Number of protein chains: 2
Amino acid sequence: MESTMVRGKVGAQVDNEPEARAGGALPYELIELFFFAYRDFVSDPDRILAELGFGRAHHRVLHFVDRNPGLTIAELLDILKITKQSLNRVLKELVGTAFIEVRTGLADRRQRHLHATASGHALAARLAGVQGERIRQALHGVPAAAHPAIEAYLTAMIDPQERKQVLSRIRKGPVG
Amino acid sequence: MESTMVRGKVGAQVDNEPEARAGGALPYELIELFFFAYRDFVSDPDRILAELGFGRAHHRVLHFVDRNPGLTIAELLDILKITKQSLNRVLKELVGTAFIEVRTGLADRRQRHLHATASGHALAARLAGVQGERIRQALHGVPAAAHPAIEAYLTAMIDPQERKQVLSRIRKGPVG
DNA sequence: CATATATGTCAGTCTTATTGACATATCTCA
DNA sequence: TGAGATATGTCAATAAGACTGACATATATG
């Protein structure tokens, strides 16, 4: 009943993974924990967004615009990995409700630079707040010494080819 | 107010979180890492599923049925937190393609007990395999001593009210 | 000027989810 | 036994979020 290890290592009675053997038991616990953890992680913002008639797509757009002021359409599409048609509706709604502001590029007037407005930033911060609160309480039950390992683990879960780009974007610091 | 006959409670207490802070900067890195990590985590199965004309919904159903043989419709709905109408199409397709088998309950003939077929189990194992591989390589870059902390962290990210139920479901062997 | 680039938009489709309303079989209990 | 309650199935309409394809416009660049 050691609560932490991946289960089934010596599970004699159940032969539940015949063709699964690619070199050991599958980490079912971590697979399912990740699923449930992520679901609850996004549920907090979902409730707030629903009050405003927004969905997760709005959250993602607002979040990355807030974190990367001046982001262009193309950059945002690259981050979100969606098509411009998908982005369009959501972005139009966020602009229409004045949570995001569009400024024509100065150097290149074809570009659109996106910025969160004051209310956009407030909403983004509120959404990040509830998610941050969940993270904070989760970290609370874990030795501080292990916190870097958690970050390292999540980082290593990202596709290697994208990892560098994602990290540089994440760590680029807010507002500026 | 919002629940149907099928859904469980969703209303967590509102954690009023006005603007930014509460006791420090928001953990933006972990917020974004979780987002990107989860996206890539599901991308591997997505590719396999696409070949078969299936989507994520099929994956989830097949996964939990495979892991919990004999699962009833009601139990599955409780795990997935979707409506029976949503489940229906997906489940019908999985049954129609013989990845899942339905058996009428013996004790209670109203119930339907779901089982993965041989091919269903093979597919489930293949999907869990690619996800497990990603997890394994991610764990590789983290000191083994910190592995329990990662599991503890993910567990703590789950809603407290659900945590116990989720854990018992995850750790219990196949129902048989 | 010709072409490439950045963005916008129209139209249609798909998957996954929703709510609402019923239908049917079966179990339970008074 | 008969009246509900329960477990599941199904029809219909709708929505969010994504997609492809095609085309339009403005601007930059060589």
# chains A, B, ... in the order shown; residues from 1 in each chain; ligands from 1
$ closest_atom_pairs --of "chain C" --to "chain B" --cutoff "12 Å" --atoms "only C-alpha atoms (C1' of nucleotides)" --output "JSON lines"
{"residue": "C:DC14", "atom": "C1'", "partner": "B:Gly55", "partner_atom": "CA", "distance": 10.8}
{"residue": "C:DT15", "atom": "C1'", "partner": "B:Gly55", "partner_atom": "CA", "distance": 7.5}
{"residue": "C:DT16", "atom": "C1'", "partner": "B:Ser86", "partner_atom": "CA", "distance": 7.4}
{"residue": "C:DA17", "atom": "C1'", "partner": "B:Ser86", "partner_atom": "CA", "distance": 6.5}
{"residue": "C:DT18", "atom": "C1'", "partner": "B:Thr83", "partner_atom": "CA", "distance": 8.2}
{"residue": "C:DT19", "atom": "C1'", "partner": "B:Thr4", "partner_atom": "CA", "distance": 8.7}
{"residue": "C:DG20", "atom": "C1'", "partner": "B:Thr4", "partner_atom": "CA", "distance": 10.4}
{"residue": "C:DT24", "atom": "C1'", "partner": "B:Arg110", "partner_atom": "CA", "distance": 10.4}
{"residue": "C:DA25", "atom": "C1'", "partner": "B:Arg110", "partner_atom": "CA", "distance": 6.7}
{"residue": "C:DT26", "atom": "C1'", "partner": "B:Arg110", "partner_atom": "CA", "distance": 5.5}
{"residue": "C:DC27", "atom": "C1'", "partner": "B:Asp108", "partner_atom": "CA", "distance": 7.4}
{"residue": "C:DT28", "atom": "C1'", "partner": "B:Asp108", "partner_atom": "CA", "distance": 11.6}
$ residues_around --residues "Ile100 of chain A" --least-positions-apart "5" --cutoff "6 Å" --atoms "only C-alpha atoms (C1' of nucleotides)" --output "list in words"
Leu94, Val95, His115, Ala116 and Thr117 of chain A
$ write_last_selection --atoms "N, CA, C and O atoms" --output "PDB file, in the first residue's frame"
ATOM      1  N   LEU A  94     -13.426  39.256 -27.894  1.00  0.00           N
ATOM      2  CA  LEU A  94     -12.636  39.877 -26.839  1.00  0.00           C
ATOM      3  C   LEU A  94     -12.343  41.342 -27.150  1.00  0.00           C
ATOM      4  O   LEU A  94     -12.238  42.173 -26.242  1.00  0.00           O
ATOM      5  N   VAL A  95     -12.219  41.647 -28.424  1.00  0.00           N
ATOM      6  CA  VAL A  95     -12.004  43.036 -28.822  1.00  0.00           C
ATOM      7  C   VAL A  95     -13.327  43.801 -28.684  1.00  0.00           C
ATOM      8  O   VAL A  95     -13.358  44.919 -28.177  1.00  0.00           O
ATOM      9  N   HIS A 115      -3.066  43.841 -27.284  1.00  0.00           N
ATOM     10  CA  HIS A 115      -2.803  44.249 -25.912  1.00  0.00           C
ATOM     11  C   HIS A 115      -4.054  44.019 -25.072  1.00  0.00           C
ATOM     12  O   HIS A 115      -5.162  44.261 -25.542  1.00  0.00           O
ATOM     13  N   ALA A 116      -3.845  43.587 -23.849  1.00  0.00           N
ATOM     14  CA  ALA A 116      -4.966  43.519 -22.922  1.00  0.00           C
ATOM     15  C   ALA A 116      -5.284  44.930 -22.456  1.00  0.00           C
ATOM     16  O   ALA A 116      -4.376  45.725 -22.206  1.00  0.00           O
ATOM     17  N   THR A 117      -6.564  45.250 -22.379  1.00  0.00           N
ATOM     18  CA  THR A 117      -6.945  46.542 -21.799  1.00  0.00           C
ATOM     19  C   THR A 117      -6.859  46.415 -20.282  1.00  0.00           C
ATOM     20  O   THR A 117      -6.500  45.358 -19.761  1.00  0.00           O
TER      21      THR A 117
END
$ select_by_dssp --residues "segment 20-165 of chain A" --states "strand (DSSP E or B)" --output "PyMOL selection string"
chain A and resi 71-72+100-104+112-116
$ write_last_selection --atoms "N, CA and C atoms" --output "CSV table (one decimal), in the first residue's frame"
chain,number,residue,atom,x,y,z
A,71,LEU,N,1.8,41.1,-28.8
A,71,LEU,CA,1.8,39.9,-29.6
A,71,LEU,C,1.1,40.1,-30.9
A,72,THR,N,1.6,39.6,-32.0
A,72,THR,CA,0.9,39.7,-33.3
A,72,THR,C,0.0,38.5,-33.5
A,100,ILE,N,-9.5,43.2,-25.1
A,100,ILE,CA,-8.3,43.2,-25.8
A,100,ILE,C,-8.4,44.4,-26.8
A,101,GLU,N,-7.2,45.0,-27.0
A,101,GLU,CA,-7.1,46.1,-27.9
A,101,GLU,C,-6.2,45.8,-29.1
A,102,VAL,N,-6.5,46.2,-30.2
A,102,VAL,CA,-5.7,45.9,-31.4
A,102,VAL,C,-5.0,47.2,-31.9
A,103,ARG,N,-3.7,47.1,-32.1
A,103,ARG,CA,-3.0,48.3,-32.6
A,103,ARG,C,-2.2,47.9,-33.8
A,104,THR,N,-2.4,48.7,-34.8
A,104,THR,CA,-1.7,48.5,-36.1
A,104,THR,C,-0.2,48.7,-35.8
A,112,ARG,N,-0.9,43.3,-36.6
A,112,ARG,CA,-1.8,43.8,-35.6
A,112,ARG,C,-1.1,43.4,-34.2
A,113,HIS,N,-0.9,44.4,-33.4
A,113,HIS,CA,-0.4,44.1,-32.1
A,113,HIS,C,-1.5,44.1,-31.1
A,114,LEU,N,-1.5,43.0,-30.3
A,114,LEU,CA,-2.6,42.8,-29.4
A,114,LEU,C,-2.2,43.2,-28.0
A,115,HIS,N,-3.1,43.8,-27.3
A,115,HIS,CA,-2.8,44.2,-25.9
A,115,HIS,C,-4.1,44.0,-25.1
A,116,ALA,N,-3.8,43.6,-23.8
A,116,ALA,CA,-5.0,43.5,-22.9
A,116,ALA,C,-5.3,44.9,-22.5
$ closest_atom_pairs --of "chain D" --to "chain A" --cutoff "7 Å" --atoms "only C-alpha atoms (C1' of nucleotides)" --output "Markdown table"
| residue | atom | partner | partner_atom | distance |
| --- | --- | --- | --- | --- |
| D:DA18 | C1' | A:Ser86 | CA | 6.5 |
| D:DA26 | C1' | A:Arg110 | CA | 6.6 |
| D:DT27 | C1' | A:Arg110 | CA | 5.5 |
$ closest_residue --among "B:Gln131, B:Ser119, B:Gln165, B:Asn88" --to "chain A" --atoms "only C-alpha atoms"
B:Gln131
$ closest_atom_pairs --of "chain B" --to "chain A" --cutoff "8 Å" --atoms "only C-alpha atoms" --output "JSON lines"
{"residue": "B:Asp15", "atom": "CA", "partner": "A:Val130", "partner_atom": "CA", "distance": 7.3}
{"residue": "B:Glu17", "atom": "CA", "partner": "A:Arg126", "partner_atom": "CA", "distance": 6.2}
{"residue": "B:Pro18", "atom": "CA", "partner": "A:Arg126", "partner_atom": "CA", "distance": 6.0}
{"residue": "B:Glu19", "atom": "CA", "partner": "A:Arg126", "partner_atom": "CA", "distance": 5.3}
{"residue": "B:Ala20", "atom": "CA", "partner": "A:Ala125", "partner_atom": "CA", "distance": 5.0}
{"residue": "B:Arg21", "atom": "CA", "partner": "A:Gly129", "partner_atom": "CA", "distance": 7.3}
{"residue": "B:Leu26", "atom": "CA", "partner": "A:Gly132", "partner_atom": "CA", "distance": 5.7}
{"residue": "B:Pro27", "atom": "CA", "partner": "A:Gly132", "partner_atom": "CA", "distance": 5.7}
{"residue": "B:Tyr28", "atom": "CA", "partner": "A:Ala128", "partner_atom": "CA", "distance": 7.5}
{"residue": "B:Glu29", "atom": "CA", "partner": "A:Ile170", "partner_atom": "CA", "distance": 6.1}
{"residue": "B:Leu30", "atom": "CA", "partner": "A:Glu151", "partner_atom": "CA", "distance": 6.7}
{"residue": "B:Ile31", "atom": "CA", "partner": "A:Gly132", "partner_atom": "CA", "distance": 7.0}
{"residue": "B:Glu32", "atom": "CA", "partner": "A:Ile170", "partner_atom": "CA", "distance": 7.0}
{"residue": "B:Leu33", "atom": "CA", "partner": "A:Leu154", "partner_atom": "CA", "distance": 6.0}
{"residue": "B:Phe34", "atom": "CA", "partner": "A:Leu154", "partner_atom": "CA", "distance": 6.4}
{"residue": "B:Phe36", "atom": "CA", "partner": "A:Ile158", "partner_atom": "CA", "distance": 6.3}
{"residue": "B:Ala37", "atom": "CA", "partner": "A:Ile158", "partner_atom": "CA", "distance": 4.8}
{"residue": "B:Tyr38", "atom": "CA", "partner": "A:Tyr38", "partner_atom": "CA", "distance": 7.3}
{"residue": "B:Asp40", "atom": "CA", "partner": "A:Ile158", "partner_atom": "CA", "distance": 5.8}
{"residue": "B:Phe41", "atom": "CA", "partner": "A:Met157", "partner_atom": "CA", "distance": 6.8}
{"residue": "B:Ala122", "atom": "CA", "partner": "A:Glu19", "partner_atom": "CA", "distance": 6.5}
{"residue": "B:Ala125", "atom": "CA", "partner": "A:Ala20", "partner_atom": "CA", "distance": 5.2}
{"residue": "B:Arg126", "atom": "CA", "partner": "A:Ala20", "partner_atom": "CA", "distance": 6.8}
{"residue": "B:Ala128", "atom": "CA", "partner": "A:Leu26", "partner_atom": "CA", "distance": 7.0}
{"residue": "B:Gly129", "atom": "CA", "partner": "A:Leu26", "partner_atom": "CA", "distance": 6.7}
{"residue": "B:Gln131", "atom": "CA", "partner": "A:Ile31", "partner_atom": "CA", "distance": 7.0}
{"residue": "B:Gly132", "atom": "CA", "partner": "A:Pro27", "partner_atom": "CA", "distance": 5.7}
{"residue": "B:Arg134", "atom": "CA", "partner": "A:Met157", "partner_atom": "CA", "distance": 6.4}
{"residue": "B:Ile135", "atom": "CA", "partner": "A:Met157", "partner_atom": "CA", "distance": 6.7}
{"residue": "B:Arg136", "atom": "CA", "partner": "A:Pro27", "partner_atom": "CA", "distance": 7.9}
{"residue": "B:Gln137", "atom": "CA", "partner": "A:Ala156", "partner_atom": "CA", "distance": 7.6}
{"residue": "B:Ala138", "atom": "CA", "partner": "A:Ala156", "partner_atom": "CA", "distance": 4.7}
{"residue": "B:Leu139", "atom": "CA", "partner": "A:Tyr153", "partner_atom": "CA", "distance": 6.3}
{"residue": "B:Gly141", "atom": "CA", "partner": "A:Tyr153", "partner_atom": "CA", "distance": 7.3}
{"residue": "B:Val142", "atom": "CA", "partner": "A:Ala149", "partner_atom": "CA", "distance": 6.0}
{"residue": "B:Pro143", "atom": "CA", "partner": "A:Ala149", "partner_atom": "CA", "distance": 7.5}
{"residue": "B:Ala146", "atom": "CA", "partner": "A:Ala146", "partner_atom": "CA", "distance": 5.8}
{"residue": "B:Pro148", "atom": "CA", "partner": "A:Thr4", "partner_atom": "CA", "distance": 5.3}
{"residue": "B:Ala149", "atom": "CA", "partner": "A:Val142", "partner_atom": "CA", "distance": 6.0}
{"residue": "B:Ile150", "atom": "CA", "partner": "A:Ile150", "partner_atom": "CA", "distance": 5.7}
{"residue": "B:Glu151", "atom": "CA", "partner": "A:Leu30", "partner_atom": "CA", "distance": 6.7}
{"residue": "B:Ala152", "atom": "CA", "partner": "A:Val142", "partner_atom": "CA", "distance": 6.8}
{"residue": "B:Tyr153", "atom": "CA", "partner": "A:Ala138", "partner_atom": "CA", "distance": 5.6}
{"residue": "B:Leu154", "atom": "CA", "partner": "A:Ala37", "partner_atom": "CA", "distance": 5.8}
{"residue": "B:Thr155", "atom": "CA", "partner": "A:Leu33", "partner_atom": "CA", "distance": 6.3}
{"residue": "B:Ala156", "atom": "CA", "partner": "A:Ala138", "partner_atom": "CA", "distance": 4.7}
{"residue": "B:Met157", "atom": "CA", "partner": "A:Ala37", "partner_atom": "CA", "distance": 5.1}
{"residue": "B:Ile158", "atom": "CA", "partner": "A:Ala37", "partner_atom": "CA", "distance": 4.8}
{"residue": "B:Asp159", "atom": "CA", "partner": "A:Asp40", "partner_atom": "CA", "distance": 6.3}
{"residue": "B:Ile170", "atom": "CA", "partner": "A:Glu29", "partner_atom": "CA", "distance": 6.2}
{"residue": "B:Arg171", "atom": "CA", "partner": "A:Glu29", "partner_atom": "CA", "distance": 7.2}
{"residue": "B:Gly173", "atom": "CA", "partner": "A:Val14", "partner_atom": "CA", "distance": 7.8}
{"residue": "B:Pro174", "atom": "CA", "partner": "A:Val14", "partner_atom": "CA", "distance": 7.7}
$ write_last_selection --atoms "C-alpha atoms" --output "PDB file, in the first residue's frame"
ATOM      1  CA  ASP B  15     -12.807  31.559  -4.031  1.00  0.00           C
ATOM      2  CA  GLU B  17      -9.818  36.331  -5.882  1.00  0.00           C
ATOM      3  CA  PRO B  18     -10.110  39.929  -6.926  1.00  0.00           C
ATOM      4  CA  GLU B  19      -7.082  41.069  -8.796  1.00  0.00           C
ATOM      5  CA  ALA B  20      -3.591  39.848  -9.012  1.00  0.00           C
ATOM      6  CA  ARG B  21      -1.929  39.050  -5.732  1.00  0.00           C
ATOM      7  CA  LEU B  26       1.276  34.340  -9.563  1.00  0.00           C
ATOM      8  CA  PRO B  27       2.928  31.088 -10.596  1.00  0.00           C
ATOM      9  CA  TYR B  28       2.718  31.854 -14.279  1.00  0.00           C
ATOM     10  CA  GLU B  29       5.387  29.379 -15.160  1.00  0.00           C
ATOM     11  CA  LEU B  30       3.569  26.455 -13.658  1.00  0.00           C
ATOM     12  CA  ILE B  31       0.279  27.614 -15.118  1.00  0.00           C
ATOM     13  CA  GLU B  32       1.694  27.697 -18.608  1.00  0.00           C
ATOM     14  CA  LEU B  33       3.814  24.592 -18.236  1.00  0.00           C
ATOM     15  CA  PHE B  34       0.739  22.677 -17.195  1.00  0.00           C
ATOM     16  CA  PHE B  36       1.640  23.001 -22.697  1.00  0.00           C
ATOM     17  CA  ALA B  37       2.463  19.731 -20.983  1.00  0.00           C
ATOM     18  CA  TYR B  38      -1.115  18.567 -21.110  1.00  0.00           C
ATOM     19  CA  ASP B  40       1.457  17.491 -25.772  1.00  0.00           C
ATOM     20  CA  PHE B  41       0.428  14.695 -23.440  1.00  0.00           C
ATOM     21  CA  ALA B 122      -4.788  -3.782 -27.323  1.00  0.00           C
ATOM     22  CA  ALA B 125      -2.648  -0.432 -24.102  1.00  0.00           C
ATOM     23  CA  ARG B 126      -1.174   1.142 -27.186  1.00  0.00           C
ATOM     24  CA  ALA B 128      -1.473   4.182 -22.633  1.00  0.00           C
ATOM     25  CA  GLY B 129       1.857   3.068 -24.013  1.00  0.00           C
ATOM     26  CA  GLN B 131       1.481   8.362 -22.905  1.00  0.00           C
ATOM     27  CA  GLY B 132       3.454   6.205 -20.535  1.00  0.00           C
ATOM     28  CA  ARG B 134       6.278  10.363 -22.478  1.00  0.00           C
ATOM     29  CA  ILE B 135       5.864  10.142 -18.744  1.00  0.00           C
ATOM     30  CA  ARG B 136       8.741   7.770 -18.408  1.00  0.00           C
ATOM     31  CA  GLN B 137      11.129   9.968 -20.312  1.00  0.00           C
ATOM     32  CA  ALA B 138       9.965  12.981 -18.337  1.00  0.00           C
ATOM     33  CA  LEU B 139      10.561  11.166 -15.067  1.00  0.00           C
ATOM     34  CA  GLY B 141      15.147  13.842 -16.038  1.00  0.00           C
ATOM     35  CA  VAL B 142      13.957  14.063 -12.460  1.00  0.00           C
ATOM     36  CA  PRO B 143      15.617  12.538  -9.420  1.00  0.00           C
ATOM     37  CA  ALA B 146      11.225  13.395  -6.270  1.00  0.00           C
ATOM     38  CA  PRO B 148       6.514  10.667  -5.201  1.00  0.00           C
ATOM     39  CA  ALA B 149       6.320  14.429  -4.941  1.00  0.00           C
ATOM     40  CA  ILE B 150       5.158  14.654  -8.529  1.00  0.00           C
ATOM     41  CA  GLU B 151       2.402  12.193  -7.872  1.00  0.00           C
ATOM     42  CA  ALA B 152       1.489  14.012  -4.691  1.00  0.00           C
ATOM     43  CA  TYR B 153       1.397  17.299  -6.539  1.00  0.00           C
ATOM     44  CA  LEU B 154      -0.882  16.039  -9.275  1.00  0.00           C
ATOM     45  CA  THR B 155      -3.117  14.460  -6.668  1.00  0.00           C
ATOM     46  CA  ALA B 156      -3.354  17.712  -4.782  1.00  0.00           C
ATOM     47  CA  MET B 157      -4.399  19.487  -7.961  1.00  0.00           C
ATOM     48  CA  ILE B 158      -7.617  17.482  -7.945  1.00  0.00           C
ATOM     49  CA  ASP B 159     -10.649  18.931  -6.202  1.00  0.00           C
ATOM     50  CA  ILE B 170      -7.207   4.786  -9.853  1.00  0.00           C
ATOM     51  CA  ARG B 171      -5.557   2.459  -7.428  1.00  0.00           C
ATOM     52  CA  GLY B 173      -7.293  -3.060  -9.632  1.00  0.00           C
ATOM     53  CA  PRO B 174      -9.656  -3.999 -12.370  1.00  0.00           C
TER      54      PRO B 174
END
$ select_by_dssp --residues "segment 17-169 of chain A" --states "alpha helix (DSSP H)" --output "NGL selection string"
:A and (28-51 or 56-67 or 73-80 or 84-96 or 118-140 or 147-156 or 160-169)
$ residues_around --residues "DC23 of chain D" --least-positions-apart "5" --cutoff "12 Å" --atoms "only C-alpha atoms (C1' of nucleotides)" --output "ChimeraX atom specification"
/C:8-11
$ residues_around --residues "DT13 of chain C" --least-positions-apart "4" --cutoff "12 Å" --atoms "only C-alpha atoms (C1' of nucleotides)" --output "CSV table (one decimal) with C-alpha atoms (C1' of nucleotides), in the first residue's frame"
chain,number,residue,atom,x,y,z
D,18,DA,C1',-12.0,23.4,-34.0
D,19,DC,C1',-11.1,22.3,-39.1
D,20,DT,C1',-10.4,23.0,-44.6
D,21,DG,C1',-10.8,25.7,-48.7
